[in-house]
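Shown next, in structure tokens, is the structure this report addresses.
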Amino acid sequence: MNLEDYKLSLELRIDFSDLDMYRHVNNLTFIRFLQSGRVNFWEATGLAALFSETNKGAILVSTHCDFKKSLFYPGKAIVKTKLAYIKNSSFGLDQLILNENGEVCAEGRDIAVFFDFSKDKSLPIPPDLRESMQRF
């Protein structure tokens with residue numbers, strides 16, 4: 001795993017409310033951190049703006065998280081995101097959650113489909129959006 005392949009990075013503050021009864025970051029919070037990374041990708045590629053303008057955008061169909069190491073308060077979580085693959089209407093994102101020391105605390109994989117929310121159906125990913133996504 002080469003961290004330089006992950007071109008998008010987002011630093012998030014760990015809040016006390018993110019903890020569970022064991023006083024480390026709760027599993028659900030890891031999923032929320034992955035969501036923040038996914039939204040960061042959507043904003044960077046233009047997917048978020050496209051949705052606002054056309055009601056067409058990405059819809060999450062699967063998310064997966066492997067927990068590797070605990071995160072603690074106080075601290076920061078760094079979410080790294082990259083395009084894993086792109087098909088006709090679907091794409092995958094690989095994500096890492098690192099602690100402040102650069103240690104991998106979780107590995108995630110999201111699968112999304114390009115979707116027309118007005119017609120309630122998937123669509124092929126437009127060429128200009130595909131090009132933008134492939135930069136990441």
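So you can find residues: chains in the structure tokens are A, B, ... in the order shown, residues in each start at 1, and ligands are numbered from 1 in order.
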
Residues near Phe115 (chain A), cut-off 9 Å, only C-alpha atoms, skip fewer than 4 positions along chain, as a list in words: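 Result of the neighbour search: Asn55, Lys56, Gly57, Ala58, Ile59, Ser89, Lys119, Asp120, Lys121, Ser122, Leu123, Pro124 and Ile125 of chain A.
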
Residue contacts of region 16-32 of chain A (10 Å, only C-alpha atoms) excluding same-chain residues fewer than 6 positions away, as JSON, numbers by chain: {"A": [38, 63, 64, 65, 66, 67, 70, 71, 72, 73, 74, 75, 77, 79, 97, 105, 106, 107, 108]}

Residue list (alpha helix (DSSP H), DSSP) for chain A, as an MDAnalysis selection string: chainID A and resid 27:45 47:54 127:134

How about saving the chosen residues, N, CA and C atoms kept, as a compact mmCIF listing (two decimals), in the first residue's frame?
# COMPACT_ATOMS: atom_id res chain seq x y z
N ASN A 27 -16.88 2.27 16.51
CA ASN A 27 -16.89 1.72 15.15
C ASN A 27 -17.73 2.57 14.21
N LEU A 28 -18.87 3.03 14.68
CA LEU A 28 -19.76 3.83 13.85
C LEU A 28 -19.08 5.13 13.41
N THR A 29 -18.25 5.68 14.26
CA THR A 29 -17.54 6.91 13.92
C THR A 29 -16.56 6.67 12.78
N PHE A 30 -15.94 5.50 12.73
CA PHE A 30 -15.07 5.16 11.60
C PHE A 30 -15.86 5.24 10.30
N ILE A 31 -17.10 4.73 10.31
CA ILE A 31 -17.95 4.77 9.11
C ILE A 31 -18.27 6.22 8.75
N ARG A 32 -18.50 7.05 9.75
CA ARG A 32 -18.74 8.48 9.50
C ARG A 32 -17.50 9.15 8.91
N PHE A 33 -16.32 8.77 9.40
CA PHE A 33 -15.08 9.30 8.84
C PHE A 33 -14.94 8.90 7.38
N LEU A 34 -15.29 7.66 7.05
CA LEU A 34 -15.25 7.21 5.65
C LEU A 34 -16.24 8.02 4.81
N GLN A 35 -17.40 8.31 5.37
CA GLN A 35 -18.38 9.13 4.66
C GLN A 35 -17.80 10.51 4.36
N SER A 36 -17.10 11.09 5.31
CA SER A 36 -16.48 12.40 5.10
C SER A 36 -15.46 12.33 3.97
N GLY A 37 -14.69 11.26 3.91
CA GLY A 37 -13.74 11.08 2.81
C GLY A 37 -14.44 10.92 1.47
N ARG A 38 -15.54 10.19 1.47
CA ARG A 38 -16.32 9.98 0.24
C ARG A 38 -16.88 11.31 -0.25
N VAL A 39 -17.44 12.11 0.65
CA VAL A 39 -17.98 13.42 0.27
C VAL A 39 -16.87 14.34 -0.22
N ASN A 40 -15.71 14.23 0.38
CA ASN A 40 -14.54 15.00 -0.08
C ASN A 40 -14.23 14.65 -1.54
N PHE A 41 -14.30 13.37 -1.88
CA PHE A 41 -14.09 12.91 -3.26
C PHE A 41 -15.18 13.49 -4.17
N TRP A 42 -16.43 13.42 -3.72
CA TRP A 42 -17.53 13.92 -4.55
C TRP A 42 -17.37 15.42 -4.81
N GLU A 43 -16.92 16.17 -3.82
CA GLU A 43 -16.71 17.60 -4.01
C GLU A 43 -15.52 17.88 -4.92
N ALA A 44 -14.44 17.15 -4.75
CA ALA A 44 -13.22 17.37 -5.54
C ALA A 44 -13.42 17.04 -7.02
N THR A 45 -14.25 16.06 -7.31
CA THR A 45 -14.44 15.62 -8.69
C THR A 45 -15.57 16.36 -9.42
N LEU A 47 -18.80 15.83 -8.57
CA LEU A 47 -20.03 15.05 -8.39
C LEU A 47 -21.07 15.80 -7.57
N ALA A 48 -20.64 16.47 -6.51
CA ALA A 48 -21.58 17.19 -5.65
C ALA A 48 -22.23 18.34 -6.41
N ALA A 49 -21.45 19.10 -7.16
CA ALA A 49 -22.00 20.22 -7.94
C ALA A 49 -22.93 19.70 -9.03
N LEU A 50 -22.56 18.60 -9.67
CA LEU A 50 -23.40 18.02 -10.71
C LEU A 50 -24.76 17.63 -10.15
N PHE A 51 -24.78 17.07 -8.97
CA PHE A 51 -26.05 16.70 -8.34
C PHE A 51 -26.91 17.95 -8.11
N SER A 52 -26.31 19.00 -7.61
CA SER A 52 -27.05 20.24 -7.34
C SER A 52 -27.66 20.82 -8.61
N GLU A 53 -26.96 20.67 -9.73
CA GLU A 53 -27.40 21.26 -11.00
C GLU A 53 -28.36 20.37 -11.77
N THR A 54 -28.22 19.03 -11.67
CA THR A 54 -28.95 18.13 -12.56
C THR A 54 -29.77 17.05 -11.87
N PRO A 127 -18.38 11.18 -19.76
CA PRO A 127 -16.93 11.22 -20.02
C PRO A 127 -16.17 12.29 -19.25
N ASP A 128 -16.73 13.51 -19.13
CA ASP A 128 -16.01 14.57 -18.41
C ASP A 128 -15.91 14.26 -16.91
N LEU A 129 -16.95 13.68 -16.35
CA LEU A 129 -16.91 13.28 -14.94
C LEU A 129 -15.92 12.12 -14.76
N ARG A 130 -15.93 11.17 -15.67
CA ARG A 130 -15.00 10.04 -15.63
C ARG A 130 -13.55 10.54 -15.61
N GLU A 131 -13.28 11.52 -16.48
CA GLU A 131 -11.92 12.08 -16.54
C GLU A 131 -11.54 12.75 -15.22
N SER A 132 -12.49 13.50 -14.66
CA SER A 132 -12.23 14.16 -13.38
C SER A 132 -11.98 13.15 -12.26
N MET A 133 -12.77 12.09 -12.23
CA MET A 133 -12.62 11.06 -11.19
C MET A 133 -11.27 10.35 -11.31
N GLN A 134 -10.83 10.12 -12.52
CA GLN A 134 -9.58 9.37 -12.73
C GLN A 134 -8.34 10.13 -12.28

Given only C-alpha atoms as the counted atoms, nearest of A:Glu103, A:Leu10, A:Leu83, A:Asn88 to Lys68 (chain A): A:Glu103

From A:Ile86, A:Met1, A:Val61, A:Ile78, residue lying nearest Ile14 (chain A) [only C-alpha atoms]: A:Ile78

Top pick for closest residue to Leu98 (chain A), considering A:Gly46, A:Ala112, A:Thr81, A:Ser118 and counting only C-alpha atoms: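 Result for the nearest residue to Leu98 (chain A): A:Thr81.
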
Residues flagged strand (DSSP E) by DSSP in chain A, as a PDB file with N, CA and C atoms, in the first residue's frame:
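File produced: selection-v6.pdb:
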ATOM      1  N   LEU A   8      -6.312  12.314  -2.279  1.00  0.00           N
ATOM      2  CA  LEU A   8      -7.177  13.153  -1.448  1.00  0.00           C
ATOM      3  C   LEU A   8      -6.937  12.841   0.028  1.00  0.00           C
ATOM      4  N   SER A   9      -6.861  13.886   0.822  1.00  0.00           N
ATOM      5  CA  SER A   9      -6.623  13.721   2.250  1.00  0.00           C
ATOM      6  C   SER A   9      -7.498  14.706   3.008  1.00  0.00           C
ATOM      7  N   LEU A  10      -8.073  14.226   4.089  1.00  0.00           N
ATOM      8  CA  LEU A  10      -8.950  15.055   4.910  1.00  0.00           C
ATOM      9  C   LEU A  10      -8.617  14.799   6.376  1.00  0.00           C
ATOM     10  N   GLU A  11      -8.314  15.865   7.107  1.00  0.00           N
ATOM     11  CA  GLU A  11      -7.998  15.737   8.527  1.00  0.00           C
ATOM     12  C   GLU A  11      -9.229  16.078   9.354  1.00  0.00           C
ATOM     13  N   LEU A  12      -9.582  15.169  10.251  1.00  0.00           N
ATOM     14  CA  LEU A  12     -10.758  15.345  11.103  1.00  0.00           C
ATOM     15  C   LEU A  12     -10.353  15.304  12.572  1.00  0.00           C
ATOM     16  N   ARG A  13     -10.925  16.189  13.361  1.00  0.00           N
ATOM     17  CA  ARG A  13     -10.670  16.190  14.797  1.00  0.00           C
ATOM     18  C   ARG A  13     -11.512  15.098  15.455  1.00  0.00           C
ATOM     19  N   ILE A  14     -10.904  14.352  16.333  1.00  0.00           N
ATOM     20  CA  ILE A  14     -11.640  13.370  17.122  1.00  0.00           C
ATOM     21  C   ILE A  14     -12.247  14.102  18.310  1.00  0.00           C
ATOM     22  N   LYS A  56     -28.485  14.482 -10.755  1.00  0.00           N
ATOM     23  CA  LYS A  56     -27.767  13.253 -11.093  1.00  0.00           C
ATOM     24  C   LYS A  56     -26.481  13.245 -10.290  1.00  0.00           C
ATOM     25  N   GLY A  57     -26.170  12.104  -9.704  1.00  0.00           N
ATOM     26  CA  GLY A  57     -24.966  12.034  -8.885  1.00  0.00           C
ATOM     27  C   GLY A  57     -24.697  10.614  -8.448  1.00  0.00           C
ATOM     28  N   ALA A  58     -23.908  10.482  -7.430  1.00  0.00           N
ATOM     29  CA  ALA A  58     -23.517   9.161  -6.942  1.00  0.00           C
ATOM     30  C   ALA A  58     -24.450   8.721  -5.823  1.00  0.00           C
ATOM     31  N   ILE A  59     -24.753   7.442  -5.818  1.00  0.00           N
ATOM     32  CA  ILE A  59     -25.522   6.849  -4.733  1.00  0.00           C
ATOM     33  C   ILE A  59     -24.704   5.681  -4.193  1.00  0.00           C
ATOM     34  N   LEU A  60     -24.516   5.653  -2.903  1.00  0.00           N
ATOM     35  CA  LEU A  60     -23.730   4.599  -2.256  1.00  0.00           C
ATOM     36  C   LEU A  60     -24.514   3.297  -2.263  1.00  0.00           C
ATOM     37  N   VAL A  61     -23.875   2.222  -2.721  1.00  0.00           N
ATOM     38  CA  VAL A  61     -24.544   0.914  -2.719  1.00  0.00           C
ATOM     39  C   VAL A  61     -23.875  -0.070  -1.766  1.00  0.00           C
ATOM     40  N   SER A  62     -22.646   0.222  -1.367  1.00  0.00           N
ATOM     41  CA  SER A  62     -21.954  -0.671  -0.438  1.00  0.00           C
ATOM     42  C   SER A  62     -20.831   0.089   0.255  1.00  0.00           C
ATOM     43  N   THR A  63     -20.638  -0.219   1.526  1.00  0.00           N
ATOM     44  CA  THR A  63     -19.484   0.301   2.250  1.00  0.00           C
ATOM     45  C   THR A  63     -18.937  -0.811   3.130  1.00  0.00           C
ATOM     46  N   HIS A  64     -17.637  -0.826   3.262  1.00  0.00           N
ATOM     47  CA  HIS A  64     -16.968  -1.882   4.018  1.00  0.00           C
ATOM     48  C   HIS A  64     -15.814  -1.253   4.784  1.00  0.00           C
ATOM     49  N   CYS A  65     -15.609  -1.710   6.007  1.00  0.00           N
ATOM     50  CA  CYS A  65     -14.518  -1.180   6.824  1.00  0.00           C
ATOM     51  C   CYS A  65     -13.852  -2.313   7.591  1.00  0.00           C
ATOM     52  N   ASP A  66     -12.537  -2.412   7.458  1.00  0.00           N
ATOM     53  CA  ASP A  66     -11.735  -3.328   8.268  1.00  0.00           C
ATOM     54  C   ASP A  66     -10.997  -2.496   9.309  1.00  0.00           C
ATOM     55  N   PHE A  67     -11.226  -2.808  10.573  1.00  0.00           N
ATOM     56  CA  PHE A  67     -10.608  -2.074  11.672  1.00  0.00           C
ATOM     57  C   PHE A  67      -9.245  -2.687  11.974  1.00  0.00           C
ATOM     58  N   GLY A  75      -7.190  13.686  19.584  1.00  0.00           N
ATOM     59  CA  GLY A  75      -6.408  13.278  18.425  1.00  0.00           C
ATOM     60  C   GLY A  75      -7.075  13.675  17.131  1.00  0.00           C
ATOM     61  N   LYS A  76      -6.467  13.224  16.064  1.00  0.00           N
ATOM     62  CA  LYS A  76      -6.972  13.502  14.726  1.00  0.00           C
ATOM     63  C   LYS A  76      -7.014  12.211  13.938  1.00  0.00           C
ATOM     64  N   ALA A  77      -7.954  12.167  13.019  1.00  0.00           N
ATOM     65  CA  ALA A  77      -8.040  11.069  12.059  1.00  0.00           C
ATOM     66  C   ALA A  77      -7.788  11.673  10.685  1.00  0.00           C
ATOM     67  N   ILE A  78      -6.931  11.045   9.925  1.00  0.00           N
ATOM     68  CA  ILE A  78      -6.647  11.495   8.564  1.00  0.00           C
ATOM     69  C   ILE A  78      -7.255  10.472   7.615  1.00  0.00           C
ATOM     70  N   VAL A  79      -8.188  10.932   6.779  1.00  0.00           N
ATOM     71  CA  VAL A  79      -8.865  10.052   5.831  1.00  0.00           C
ATOM     72  C   VAL A  79      -8.241  10.261   4.458  1.00  0.00           C
ATOM     73  N   LYS A  80      -7.693   9.193   3.909  1.00  0.00           N
ATOM     74  CA  LYS A  80      -7.075   9.207   2.578  1.00  0.00           C
ATOM     75  C   LYS A  80      -8.006   8.467   1.629  1.00  0.00           C
ATOM     76  N   THR A  81      -8.229   9.040   0.443  1.00  0.00           N
ATOM     77  CA  THR A  81      -9.183   8.472  -0.506  1.00  0.00           C
ATOM     78  C   THR A  81      -8.584   8.427  -1.895  1.00  0.00           C
ATOM     79  N   LYS A  82      -8.893   7.332  -2.611  1.00  0.00           N
ATOM     80  CA  LYS A  82      -8.492   7.227  -4.018  1.00  0.00           C
ATOM     81  C   LYS A  82      -9.544   6.432  -4.785  1.00  0.00           C
ATOM     82  N   LEU A  83      -9.603   6.679  -6.078  1.00  0.00           N
ATOM     83  CA  LEU A  83     -10.471   5.897  -6.952  1.00  0.00           C
ATOM     84  C   LEU A  83      -9.852   4.514  -7.095  1.00  0.00           C
ATOM     85  N   ALA A  84     -10.613   3.489  -6.764  1.00  0.00           N
ATOM     86  CA  ALA A  84     -10.120   2.106  -6.861  1.00  0.00           C
ATOM     87  C   ALA A  84     -10.351   1.557  -8.264  1.00  0.00           C
ATOM     88  N   TYR A  85     -11.531   1.854  -8.821  1.00  0.00           N
ATOM     89  CA  TYR A  85     -11.866   1.414 -10.176  1.00  0.00           C
ATOM     90  C   TYR A  85     -13.046   2.235 -10.667  1.00  0.00           C
ATOM     91  N   ILE A  86     -13.236   2.222 -11.977  1.00  0.00           N
ATOM     92  CA  ILE A  86     -14.384   2.883 -12.574  1.00  0.00           C
ATOM     93  C   ILE A  86     -14.890   2.000 -13.704  1.00  0.00           C
ATOM     94  N   SER A  90     -20.675   2.409 -12.421  1.00  0.00           N
ATOM     95  CA  SER A  90     -20.282   2.277 -11.017  1.00  0.00           C
ATOM     96  C   SER A  90     -18.798   2.572 -10.842  1.00  0.00           C
ATOM     97  N   PHE A  91     -18.442   2.847  -9.599  1.00  0.00           N
ATOM     98  CA  PHE A  91     -17.036   3.070  -9.269  1.00  0.00           C
ATOM     99  C   PHE A  91     -16.803   2.687  -7.817  1.00  0.00           C
ATOM    100  N   GLY A  92     -15.556   2.422  -7.504  1.00  0.00           N
ATOM    101  CA  GLY A  92     -15.170   2.074  -6.151  1.00  0.00           C
ATOM    102  C   GLY A  92     -14.146   3.047  -5.614  1.00  0.00           C
ATOM    103  N   LEU A  93     -14.218   3.295  -4.330  1.00  0.00           N
ATOM    104  CA  LEU A  93     -13.240   4.131  -3.640  1.00  0.00           C
ATOM    105  C   LEU A  93     -12.537   3.294  -2.587  1.00  0.00           C
ATOM    106  N   ASP A  94     -11.226   3.391  -2.537  1.00  0.00           N
ATOM    107  CA  ASP A  94     -10.455   2.823  -1.442  1.00  0.00           C
ATOM    108  C   ASP A  94     -10.121   3.957  -0.494  1.00  0.00           C
ATOM    109  N   GLN A  95     -10.243   3.679   0.804  1.00  0.00           N
ATOM    110  CA  GLN A  95      -9.965   4.704   1.795  1.00  0.00           C
ATOM    111  C   GLN A  95      -9.153   4.127   2.943  1.00  0.00           C
ATOM    112  N   LEU A  96      -8.346   4.976   3.519  1.00  0.00           N
ATOM    113  CA  LEU A  96      -7.578   4.645   4.717  1.00  0.00           C
ATOM    114  C   LEU A  96      -7.903   5.677   5.781  1.00  0.00           C
ATOM    115  N   ILE A  97      -7.942   5.225   7.009  1.00  0.00           N
ATOM    116  CA  ILE A  97      -8.027   6.146   8.145  1.00  0.00           C
ATOM    117  C   ILE A  97      -6.733   5.969   8.929  1.00  0.00           C
ATOM    118  N   LEU A  98      -5.995   7.062   9.058  1.00  0.00           N
ATOM    119  CA  LEU A  98      -4.712   7.057   9.754  1.00  0.00           C
ATOM    120  C   LEU A  98      -4.835   7.840  11.054  1.00  0.00           C
ATOM    121  N   VAL A 104      -1.993   3.127   9.949  1.00  0.00           N
ATOM    122  CA  VAL A 104      -3.300   2.774   9.391  1.00  0.00           C
ATOM    123  C   VAL A 104      -4.169   2.183  10.497  1.00  0.00           C
ATOM    124  N   CYS A 105      -5.305   2.829  10.735  1.00  0.00           N
ATOM    125  CA  CYS A 105      -6.244   2.370  11.761  1.00  0.00           C
ATOM    126  C   CYS A 105      -7.448   1.669  11.153  1.00  0.00           C
ATOM    127  N   ALA A 106      -7.724   1.926   9.877  1.00  0.00           N
ATOM    128  CA  ALA A 106      -8.827   1.253   9.191  1.00  0.00           C
ATOM    129  C   ALA A 106      -8.620   1.346   7.683  1.00  0.00           C
ATOM    130  N   GLU A 107      -9.140   0.336   6.997  1.00  0.00           N
ATOM    131  CA  GLU A 107      -9.157   0.318   5.542  1.00  0.00           C
ATOM    132  C   GLU A 107     -10.609   0.193   5.102  1.00  0.00           C
ATOM    133  N   GLY A 108     -11.028   1.045   4.161  1.00  0.00           N
ATOM    134  CA  GLY A 108     -12.412   1.036   3.717  1.00  0.00           C
ATOM    135  C   GLY A 108     -12.530   0.891   2.220  1.00  0.00           C
ATOM    136  N   ARG A 109     -13.693   0.409   1.789  1.00  0.00           N
ATOM    137  CA  ARG A 109     -14.017   0.316   0.362  1.00  0.00           C
ATOM    138  C   ARG A 109     -15.484   0.692   0.204  1.00  0.00           C
ATOM    139  N   ASP A 110     -15.729   1.705  -0.620  1.00  0.00           N
ATOM    140  CA  ASP A 110     -17.083   2.125  -0.959  1.00  0.00           C
ATOM    141  C   ASP A 110     -17.346   1.796  -2.416  1.00  0.00           C
ATOM    142  N   ILE A 111     -18.574   1.416  -2.709  1.00  0.00           N
ATOM    143  CA  ILE A 111     -19.007   1.218  -4.090  1.00  0.00           C
ATOM    144  C   ILE A 111     -20.213   2.123  -4.304  1.00  0.00           C
ATOM    145  N   ALA A 112     -20.172   2.889  -5.389  1.00  0.00           N
ATOM    146  CA  ALA A 112     -21.243   3.826  -5.700  1.00  0.00           C
ATOM    147  C   ALA A 112     -21.638   3.668  -7.164  1.00  0.00           C
ATOM    148  N   VAL A 113     -22.837   4.107  -7.457  1.00  0.00           N
ATOM    149  CA  VAL A 113     -23.389   4.055  -8.804  1.00  0.00           C
ATOM    150  C   VAL A 113     -23.793   5.467  -9.196  1.00  0.00           C
ATOM    151  N   PHE A 114     -23.520   5.832 -10.454  1.00  0.00           N
ATOM    152  CA  PHE A 114     -23.980   7.117 -10.968  1.00  0.00           C
ATOM    153  C   PHE A 114     -25.471   6.984 -11.234  1.00  0.00           C
ATOM    154  N   PHE A 115     -26.250   7.941 -10.708  1.00  0.00           N
ATOM    155  CA  PHE A 115     -27.690   7.734 -10.582  1.00  0.00           C
ATOM    156  C   PHE A 115     -28.466   8.990 -10.954  1.00  0.00           C
ATOM    157  N   ASP A 116     -29.562   8.799 -11.668  1.00  0.00           N
ATOM    158  CA  ASP A 116     -30.501   9.877 -11.966  1.00  0.00           C
ATOM    159  C   ASP A 116     -31.608   9.810 -10.918  1.00  0.00           C
ATOM    160  N   LYS A 121     -33.010   5.733 -11.611  1.00  0.00           N
ATOM    161  CA  LYS A 121     -32.284   4.678 -12.324  1.00  0.00           C
ATOM    162  C   LYS A 121     -30.820   5.075 -12.504  1.00  0.00           C
ATOM    163  N   SER A 122     -29.992   4.062 -12.676  1.00  0.00           N
ATOM    164  CA  SER A 122     -28.563   4.308 -12.885  1.00  0.00           C
ATOM    165  C   SER A 122     -28.321   4.773 -14.311  1.00  0.00           C
TER     166      SER A 122
END
